[in-house]
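Everything on this sheet refers to the single structure shown next.
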Amino acid sequence: MELGLATFADLAGGMSPEQRMRDLLEEVELADQLGLDVFAIGEHHRPDFLVSSPAVVLGAAAVRTRNIRLSSAVTVLSSDDPVRVFQQFAEVDLLSGGRAEIMAGRGSFTESFPLFGYDLDDYDELYAEKLELLLQIRDQAHTTWSGRHRAPLADAGVWPRPVQDPLPVWVAVGGTPQSVVRAAVLGLPLTIAIIGGQPDRFVPLVELYREAARRSDHDPARLRVAINTHAFVAETSAQADAAFAAPYLAMMNRIGRERGWPASGRDAYEALRSPHGALAVGSPEQVAEKLLYEHELFGHQRYIAQMSVGAVAHRDVLRSMELFGTEVAPVVRAEVARREGAGSGAGEGNGAGEGNGAGERNGAGEGNGAGEGNADTTAEPETAQLVD
């Protein structure tokens with residue numbers, strides 16, 4: 001199983017954007033040095049998150065890393081131009097030698113829609129139309145296309161072309177069944193962000209995805225699934241709580257007030273970090289157990305941890321990453337390999353995947369993972385997606 005990291009590059013505690021950018025690039029470099037598989041960066045257009053253009057930062061990361069795959073988490077496709085999205089990520093792919101991925105989503109935050117002149121009444125139609133165009137551009141260098149929300153294209157050439165063919169495109173969701181079905185029908189890999197409640201409540205979504213793929217004549221065994229949660233690792237569970245709990249709760253309650261969610265306190269946090277809760281927080285042993293429990297539920301091929309949350313100190317994030325890469329990852333990879341070797345990973349349920357993003361239209365490549373754009377969510381805290 002691939003293991004990686006995602007971040008929104010939160011701006012908290014009075015940190016300057018310049019310093020946060022330096023810290024962000026240090027995180028990507030460390031993730032690469034640790035042998036992790038993917039690093040994903042979110043897109044936002046508001047003062048509490050740093051990055052409005054993931055492709056720019058990923059381009060910088062591309063020339064400072066060697067092996068790690070580089071993805072958005074997500075690209076808010078609904079308010080962007082698919083032509084420019086493809087061109088930008090094709091250039092990241094060229095800079096990185098074939099390591100770029102697009103995680104396409106609709107956005108759990110809506111600031112980009114008025115900013116770029118889009119009507120929220122067209123929220124779903126914008127995403128469907130632009131995803132269609134993005135995939136058409138990906139699959140053919142010259143494109144003829146027309147729709148409602150963009151000027152038509154008549155045999156238009158879109159350049160440059162990426163190293164990977166096809167360039168991996170993942171659909172990220174926060175719990176909306178229609179979005180899961182859309183990904184399956186298109187034969188695209190799926191990332192599910194779980195930020196609250198119990199992970200087992202999301203099992204029906206994965207089952208729906210695989211069944212919808214089967215009915216659309218896609219082999220579910222070739223379609224990859226990624227799971228994304230908040231996570232944090234320290235030497236002991238007490239140390240993890242001391243570094244993570246307060247910043248995490250402050251961030252969730254700040255966003256929750258905007259969305260009308262009830263306030264969360266320490267009791268809610270403890271429930272989330274319990275063995276069957278959504279948070280993967282604790283000692284290396286506890287976090288490994290949580291990831292393996294989720295693998296039993298979903299049989300997924302990628303897990304993405306979001307550690308740099310709110311005002312968690314940068315030094316604590318780096319230490320958490322080190323423990324994740326050196327103590328959690330080896331245990332999880334070995335156990336998943338054992339399970340698959342014993343036969344539990346075979347067949348259509350767990351999806352073997354292709355590995356590098358190459359192959360047929362389903363993009364069953366190394367994809368990235370994390371939220372349908374910025375999250376395909378408008379729902380309750382348990383299904384809402386903050387990772388898009």
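Chain identifiers are assigned as A, B, and so on, following the order in which chains appear in the structure tokens; residues are numbered from 1 within each chain, and ligands are numbered from 1 in order of appearance.
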Mind dumping a table of every segment 170-223 of chain A residue within 12 Å of segment 66-88 of chain A, with the nearest atom pair and its distance in Å to one decimal, using only C-alpha atoms, sorted by chain and rising number, as CSV?
```
residue,atom,partner,partner_atom,distance
A:Trp170,CA,A:Val74,CA,9.4
A:Val171,CA,A:Val74,CA,8.9
A:Ala172,CA,A:Val74,CA,7.4
A:Val173,CA,A:Val74,CA,9.9
A:Gly174,CA,A:Val74,CA,11.7
A:Thr191,CA,A:Ala73,CA,9.7
A:Ile192,CA,A:Ala73,CA,11.3
A:Ala193,CA,A:Ala73,CA,10.3
```
Would you write out those residues with all heavy atoms, as an mmCIF file, in the first residue's frame?
```
data_model
loop_
_atom_site.group_PDB
_atom_site.id
_atom_site.type_symbol
_atom_site.label_atom_id
_atom_site.label_comp_id
_atom_site.auth_asym_id
_atom_site.auth_seq_id
_atom_site.Cartn_x
_atom_site.Cartn_y
_atom_site.Cartn_z
ATOM 1 N N TRP A 170 -7.407 11.764 -10.273
ATOM 2 C CA TRP A 170 -8.228 11.125 -9.244
ATOM 3 C C TRP A 170 -9.433 12.013 -8.945
ATOM 4 O O TRP A 170 -9.375 13.234 -9.068
ATOM 5 C CB TRP A 170 -7.436 10.950 -7.949
ATOM 6 C CG TRP A 170 -6.358 9.911 -7.979
ATOM 7 C CD1 TRP A 170 -5.243 9.904 -8.758
ATOM 8 C CD2 TRP A 170 -6.288 8.741 -7.168
ATOM 9 N NE1 TRP A 170 -4.476 8.796 -8.485
ATOM 10 C CE2 TRP A 170 -5.091 8.062 -7.510
ATOM 11 C CE3 TRP A 170 -7.111 8.202 -6.171
ATOM 12 C CZ2 TRP A 170 -4.699 6.873 -6.898
ATOM 13 C CZ3 TRP A 170 -6.714 7.016 -5.562
ATOM 14 C CH2 TRP A 170 -5.531 6.361 -5.925
ATOM 15 N N VAL A 171 -10.507 11.384 -8.527
ATOM 16 C CA VAL A 171 -11.680 12.107 -8.019
ATOM 17 C C VAL A 171 -11.692 11.947 -6.505
ATOM 18 O O VAL A 171 -11.621 10.831 -5.990
ATOM 19 C CB VAL A 171 -12.981 11.558 -8.627
ATOM 20 C CG1 VAL A 171 -14.203 12.115 -7.891
ATOM 21 C CG2 VAL A 171 -13.053 11.908 -10.112
ATOM 22 N N ALA A 172 -11.760 13.082 -5.797
ATOM 23 C CA ALA A 172 -11.778 13.041 -4.340
ATOM 24 C C ALA A 172 -13.145 13.460 -3.831
ATOM 25 O O ALA A 172 -13.721 14.431 -4.311
ATOM 26 C CB ALA A 172 -10.702 13.952 -3.781
ATOM 27 N N VAL A 173 -13.662 12.718 -2.865
ATOM 28 C CA VAL A 173 -15.007 12.973 -2.357
ATOM 29 C C VAL A 173 -14.993 12.967 -0.836
ATOM 30 O O VAL A 173 -14.095 12.420 -0.205
ATOM 31 C CB VAL A 173 -16.022 11.929 -2.867
ATOM 32 C CG1 VAL A 173 -16.010 11.861 -4.379
ATOM 33 C CG2 VAL A 173 -15.731 10.553 -2.282
ATOM 34 N N GLY A 174 -16.032 13.576 -0.281
ATOM 35 C CA GLY A 174 -16.169 13.589 1.159
ATOM 36 C C GLY A 174 -17.350 12.781 1.649
ATOM 37 O O GLY A 174 -17.632 12.774 2.841
ATOM 38 N N THR A 191 -10.541 8.967 -4.178
ATOM 39 C CA THR A 191 -10.032 9.267 -2.839
ATOM 40 C C THR A 191 -11.203 9.682 -1.957
ATOM 41 O O THR A 191 -11.999 10.536 -2.338
ATOM 42 C CB THR A 191 -9.011 10.417 -2.887
ATOM 43 O OG1 THR A 191 -7.885 10.003 -3.648
ATOM 44 C CG2 THR A 191 -8.552 10.776 -1.481
ATOM 45 N N ILE A 192 -11.285 9.069 -0.792
ATOM 46 C CA ILE A 192 -12.334 9.404 0.173
ATOM 47 C C ILE A 192 -11.682 10.033 1.393
ATOM 48 O O ILE A 192 -10.780 9.444 2.005
ATOM 49 C CB ILE A 192 -13.135 8.161 0.596
ATOM 50 C CG1 ILE A 192 -13.822 7.535 -0.614
ATOM 51 C CG2 ILE A 192 -14.161 8.510 1.670
ATOM 52 C CD1 ILE A 192 -14.588 6.260 -0.295
ATOM 53 N N ALA A 193 -12.131 11.235 1.741
ATOM 54 C CA ALA A 193 -11.635 11.911 2.936
ATOM 55 C C ALA A 193 -12.590 11.636 4.091
ATOM 56 O O ALA A 193 -13.791 11.858 3.984
ATOM 57 C CB ALA A 193 -11.523 13.409 2.696
#
```
Please return as number ranges by chain: the residues of segment 181-263 of chain A that backbone DSSP assigns to helix (DSSP H, G or I).
A: 181-186, 199-215, 220-222, 237-259
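Among the candidates A:Gln301, A:Ser283, A:Gln306, A:Ser16, the residue lying nearest to Glu327 of chain A is A:Ser283 (atoms considered: only C-alpha atoms).
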At what distance in Å, to one decimal, does atom CA of Asp267 of chain A lie from atom CA of Arg254 of chain A?
17.5 Å
Using only C-alpha atoms, pick whichever of A:Leu25, A:Leu190, A:Ala329, A:Ile137 has the shortest atom-to-atom distance to Glu207 of chain A.
A:Leu190
Could you tell me how far atom CA of Gly98 of chain A lies from atom CA of Val332 of chain A, in Å and to one decimal?
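Here the two named atoms are 26.1 Å from each other.
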Interatomic distance between atom CA of Glu132 of chain A and atom CA of Ala305 of chain A?
28.9 Å
Please, which residues in segment 27-128 of chain A fall within 12 Å of segment 308-317 of chain A when counting only C-alpha atoms, and what is the closest atom pair and distance in Å to one decimal for each, ordered by chain then residue number, as JSON lines?
```
{"residue": "A:Glu27", "atom": "CA", "partner": "A:Val317", "partner_atom": "CA", "distance": 8.3}
{"residue": "A:Val28", "atom": "CA", "partner": "A:Val317", "partner_atom": "CA", "distance": 11.7}
{"residue": "A:Leu30", "atom": "CA", "partner": "A:Val317", "partner_atom": "CA", "distance": 10.7}
{"residue": "A:Ala31", "atom": "CA", "partner": "A:Val317", "partner_atom": "CA", "distance": 11.1}
{"residue": "A:Ala40", "atom": "CA", "partner": "A:Ser308", "partner_atom": "CA", "distance": 11.8}
{"residue": "A:Ile41", "atom": "CA", "partner": "A:Ser308", "partner_atom": "CA", "distance": 11.0}
{"residue": "A:Gly42", "atom": "CA", "partner": "A:Ser308", "partner_atom": "CA", "distance": 11.8}
{"residue": "A:Asp48", "atom": "CA", "partner": "A:Gly310", "partner_atom": "CA", "distance": 8.8}
{"residue": "A:Phe49", "atom": "CA", "partner": "A:Gly310", "partner_atom": "CA", "distance": 9.3}
{"residue": "A:Leu50", "atom": "CA", "partner": "A:Gly310", "partner_atom": "CA", "distance": 11.6}
```
As a ChimeraX atom specification, which residues of segment 113-333 of chain A does DSSP assign to strand (DSSP E)?
/A:142-145,153-157,169-173,190-193,225-233,280-282,302-306
Okay, now the selection with N, CA, C and O atoms, as a compact mmCIF listing (two decimals), in the first residue's frame?
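Output file out-v8.txt follows:
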```txt
# COMPACT_ATOMS: atom_id res chain seq x y z
N HIS A 142 -5.31 17.14 -29.56
CA HIS A 142 -6.18 18.09 -30.25
C HIS A 142 -7.62 17.80 -29.84
O HIS A 142 -8.09 16.66 -29.92
N THR A 143 -8.32 18.84 -29.43
CA THR A 143 -9.63 18.68 -28.81
C THR A 143 -10.67 19.53 -29.50
O THR A 143 -10.45 20.74 -29.75
N THR A 144 -11.81 18.92 -29.80
CA THR A 144 -13.00 19.65 -30.24
C THR A 144 -14.07 19.44 -29.18
O THR A 144 -14.41 18.30 -28.85
N TRP A 145 -14.59 20.54 -28.65
CA TRP A 145 -15.48 20.43 -27.48
C TRP A 145 -16.33 21.68 -27.38
O TRP A 145 -15.91 22.79 -27.78
N LEU A 153 -13.98 24.68 -28.18
CA LEU A 153 -12.68 24.40 -28.77
C LEU A 153 -12.89 23.65 -30.08
O LEU A 153 -13.70 22.72 -30.15
N ALA A 154 -12.18 24.07 -31.12
CA ALA A 154 -12.30 23.42 -32.43
C ALA A 154 -10.92 22.93 -32.85
O ALA A 154 -10.06 23.72 -33.26
N ASP A 155 -10.70 21.63 -32.71
CA ASP A 155 -9.43 21.00 -33.04
C ASP A 155 -8.26 21.79 -32.44
O ASP A 155 -7.24 22.03 -33.08
N ALA A 156 -8.42 22.17 -31.18
CA ALA A 156 -7.41 22.99 -30.50
C ALA A 156 -6.32 22.09 -29.93
O ALA A 156 -6.61 21.09 -29.26
N GLY A 157 -5.08 22.45 -30.18
CA GLY A 157 -3.97 21.72 -29.60
C GLY A 157 -3.67 22.22 -28.20
O GLY A 157 -3.63 23.43 -27.96
N VAL A 169 -5.49 11.26 -13.02
CA VAL A 169 -6.54 12.13 -12.48
C VAL A 169 -7.36 11.30 -11.50
O VAL A 169 -7.90 10.26 -11.87
N TRP A 170 -7.41 11.76 -10.27
CA TRP A 170 -8.23 11.13 -9.24
C TRP A 170 -9.43 12.01 -8.94
O TRP A 170 -9.37 13.23 -9.07
N VAL A 171 -10.51 11.38 -8.53
CA VAL A 171 -11.68 12.11 -8.02
C VAL A 171 -11.69 11.95 -6.50
O VAL A 171 -11.62 10.83 -5.99
N ALA A 172 -11.76 13.08 -5.80
CA ALA A 172 -11.78 13.04 -4.34
C ALA A 172 -13.15 13.46 -3.83
O ALA A 172 -13.72 14.43 -4.31
N VAL A 173 -13.66 12.72 -2.87
CA VAL A 173 -15.01 12.97 -2.36
C VAL A 173 -14.99 12.97 -0.84
O VAL A 173 -14.10 12.42 -0.20
N LEU A 190 -10.42 6.77 -6.94
CA LEU A 190 -11.24 7.50 -5.98
C LEU A 190 -10.46 7.73 -4.68
O LEU A 190 -9.84 6.81 -4.15
N THR A 191 -10.54 8.97 -4.18
CA THR A 191 -10.03 9.27 -2.84
C THR A 191 -11.20 9.68 -1.96
O THR A 191 -12.00 10.54 -2.34
N ILE A 192 -11.29 9.07 -0.79
CA ILE A 192 -12.33 9.40 0.17
C ILE A 192 -11.68 10.03 1.39
O ILE A 192 -10.78 9.44 2.01
N ALA A 193 -12.13 11.24 1.74
CA ALA A 193 -11.64 11.91 2.94
C ALA A 193 -12.59 11.64 4.09
O ALA A 193 -13.79 11.86 3.98
N VAL A 225 -8.35 2.89 -4.82
CA VAL A 225 -9.04 3.67 -3.78
C VAL A 225 -8.00 4.19 -2.80
O VAL A 225 -7.08 3.47 -2.40
N ALA A 226 -8.14 5.45 -2.43
CA ALA A 226 -7.29 6.06 -1.41
C ALA A 226 -8.17 6.54 -0.26
O ALA A 226 -9.29 7.01 -0.48
N ILE A 227 -7.64 6.44 0.94
CA ILE A 227 -8.31 6.94 2.13
C ILE A 227 -7.46 8.05 2.73
O ILE A 227 -6.23 7.90 2.85
N ASN A 228 -8.09 9.13 3.08
CA ASN A 228 -7.41 10.30 3.64
C ASN A 228 -8.02 10.65 4.99
O ASN A 228 -9.23 10.79 5.10
N THR A 229 -7.19 10.74 6.03
CA THR A 229 -7.68 11.17 7.35
C THR A 229 -6.66 12.10 7.99
O THR A 229 -5.50 12.18 7.56
N HIS A 230 -7.08 12.78 9.03
CA HIS A 230 -6.14 13.50 9.88
C HIS A 230 -5.34 12.48 10.70
O HIS A 230 -5.88 11.45 11.12
N ALA A 231 -4.07 12.79 10.89
CA ALA A 231 -3.20 11.84 11.58
C ALA A 231 -2.06 12.59 12.26
O ALA A 231 -1.69 13.70 11.84
N PHE A 232 -1.50 11.96 13.29
CA PHE A 232 -0.34 12.53 13.97
C PHE A 232 0.32 11.44 14.79
O PHE A 232 -0.36 10.66 15.45
N VAL A 233 1.67 11.41 14.73
CA VAL A 233 2.43 10.36 15.40
C VAL A 233 3.44 10.99 16.34
O VAL A 233 4.13 11.95 15.98
N ALA A 280 -6.18 9.12 13.16
CA ALA A 280 -5.05 8.21 13.32
C ALA A 280 -3.98 8.95 14.13
O ALA A 280 -3.00 9.46 13.58
N VAL A 281 -4.18 9.03 15.42
CA VAL A 281 -3.32 9.82 16.30
C VAL A 281 -2.85 8.94 17.45
O VAL A 281 -3.65 8.23 18.07
N GLY A 282 -1.55 9.01 17.76
CA GLY A 282 -1.02 8.26 18.89
C GLY A 282 0.41 7.84 18.67
O GLY A 282 1.15 8.48 17.91
N ARG A 302 -4.01 3.13 -1.22
CA ARG A 302 -3.26 4.32 -0.80
C ARG A 302 -3.89 4.91 0.46
O ARG A 302 -5.11 4.96 0.58
N TYR A 303 -3.01 5.35 1.35
CA TYR A 303 -3.47 6.10 2.53
C TYR A 303 -2.71 7.42 2.57
O TYR A 303 -1.48 7.45 2.41
N ILE A 304 -3.44 8.50 2.83
CA ILE A 304 -2.85 9.84 2.89
C ILE A 304 -3.18 10.45 4.25
O ILE A 304 -4.35 10.58 4.62
N ALA A 305 -2.13 10.83 4.97
CA ALA A 305 -2.27 11.42 6.30
C ALA A 305 -2.16 12.94 6.22
O ALA A 305 -1.26 13.47 5.56
N GLN A 306 -3.05 13.62 6.90
CA GLN A 306 -2.99 15.08 6.98
C GLN A 306 -2.56 15.46 8.40
O GLN A 306 -3.35 15.40 9.34
```
Return as CSV the residues of segment 137-185 of chain A lying at most 12 Å from segment 109-122 of chain A, together with the closest atom-to-atom pair for each and the distance in Å to one decimal, counting only C-alpha atoms, with rows in chain order and ascending residue number.
```
residue,atom,partner,partner_atom,distance
A:Arg148,CA,A:Asp122,CA,10.2
A:His149,CA,A:Tyr118,CA,8.8
A:Arg150,CA,A:Tyr118,CA,11.0
```
For the residues selected in the previous step, produce a file with N, CA, C and O atoms as a compact mmCIF listing (two decimals), in the first residue's frame.
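Below you can see out_5.txt, which holds the result:
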```
# COMPACT_ATOMS: atom_id res chain seq x y z
N ARG A 148 -21.46 24.78 -21.76
CA ARG A 148 -22.17 26.00 -21.35
C ARG A 148 -21.27 27.01 -20.65
O ARG A 148 -21.57 28.20 -20.64
N HIS A 149 -20.20 26.55 -20.03
CA HIS A 149 -19.47 27.42 -19.11
C HIS A 149 -18.05 27.77 -19.58
O HIS A 149 -17.26 28.31 -18.82
N ARG A 150 -17.76 27.48 -20.83
CA ARG A 150 -16.46 27.83 -21.38
C ARG A 150 -16.58 27.98 -22.88
O ARG A 150 -17.43 27.35 -23.51
```
List as a short mmCIF file (atom, residue, chain, number, x, y, z; two decimals) with all heavy atoms, in the first residue's frame the protein and nucleic acid residues near segment 258-264 of chain A, meaning an atom at most 7 Å away when only C-alpha atoms are counted, but skip any in the same chain fewer than 3 places from it.
```cif
data_model
loop_
_atom_site.label_atom_id
_atom_site.label_comp_id
_atom_site.auth_asym_id
_atom_site.auth_seq_id
_atom_site.Cartn_x
_atom_site.Cartn_y
_atom_site.Cartn_z
N LEU A 249 -8.54 20.80 17.41
CA LEU A 249 -9.86 21.22 17.84
C LEU A 249 -10.12 22.68 17.49
O LEU A 249 -11.24 23.05 17.08
CB LEU A 249 -10.04 20.99 19.34
CG LEU A 249 -10.23 19.53 19.76
CD1 LEU A 249 -10.13 19.40 21.28
CD2 LEU A 249 -11.57 18.98 19.26
N ASN A 253 -13.18 23.68 15.03
CA ASN A 253 -14.23 24.55 15.55
C ASN A 253 -14.31 25.86 14.78
O ASN A 253 -15.40 26.43 14.61
CB ASN A 253 -14.02 24.81 17.04
CG ASN A 253 -14.41 23.61 17.89
OD1 ASN A 253 -15.34 22.87 17.56
ND2 ASN A 253 -13.71 23.40 18.99
N ARG A 254 -13.16 26.35 14.30
CA ARG A 254 -13.20 27.57 13.47
C ARG A 254 -13.97 27.32 12.18
O ARG A 254 -14.85 28.10 11.81
CB ARG A 254 -11.77 28.01 13.15
CG ARG A 254 -11.71 29.34 12.40
CD ARG A 254 -10.30 29.71 12.00
NE ARG A 254 -9.84 28.94 10.84
CZ ARG A 254 -8.87 28.05 10.86
NH1 ARG A 254 -8.23 27.78 11.99
NH2 ARG A 254 -8.51 27.42 9.76
N ILE A 255 -13.64 26.21 11.50
CA ILE A 255 -14.37 25.87 10.28
C ILE A 255 -15.82 25.51 10.60
O ILE A 255 -16.74 25.85 9.86
CB ILE A 255 -13.67 24.70 9.55
CG1 ILE A 255 -12.22 25.06 9.21
CG2 ILE A 255 -14.45 24.31 8.30
CD1 ILE A 255 -12.07 26.27 8.34
N ALA A 268 -15.16 14.69 22.26
CA ALA A 268 -15.30 14.35 20.84
C ALA A 268 -13.96 13.93 20.26
O ALA A 268 -13.88 12.98 19.46
CB ALA A 268 -15.86 15.55 20.07
N PRO A 381 -20.60 17.06 9.70
CA PRO A 381 -19.18 16.92 9.96
C PRO A 381 -18.62 15.55 9.64
O PRO A 381 -17.47 15.43 9.29
CB PRO A 381 -19.06 17.23 11.45
CG PRO A 381 -20.26 18.08 11.77
CD PRO A 381 -21.33 17.61 10.83
#
```
For a quick check of understanding, using only C-alpha atoms, which of A:Ala128, A:Arg319, A:Ala250, A:Lys290 has the smallest distance to Gly13 of chain A?
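Closest residue, counting only C-alpha atoms: A:Ala250.
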Check the smallest atom-to-atom distance from each of A:Arg99, A:Leu167, A:Arg138, A:Ala334 to Asp32 of chain A using only C-alpha atoms, then report the winner.
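Checking each of A:Arg99, A:Leu167, A:Arg138, A:Ala334 against Asp32 of chain A, counting only C-alpha atoms, the winner is A:Arg99.
Between Pro17 of chain A and the candidates A:Gln33, A:Tyr269, A:Ala213, A:Pro47, the tightest atom-to-atom separation, counting only C-alpha atoms, involves A:Pro47.
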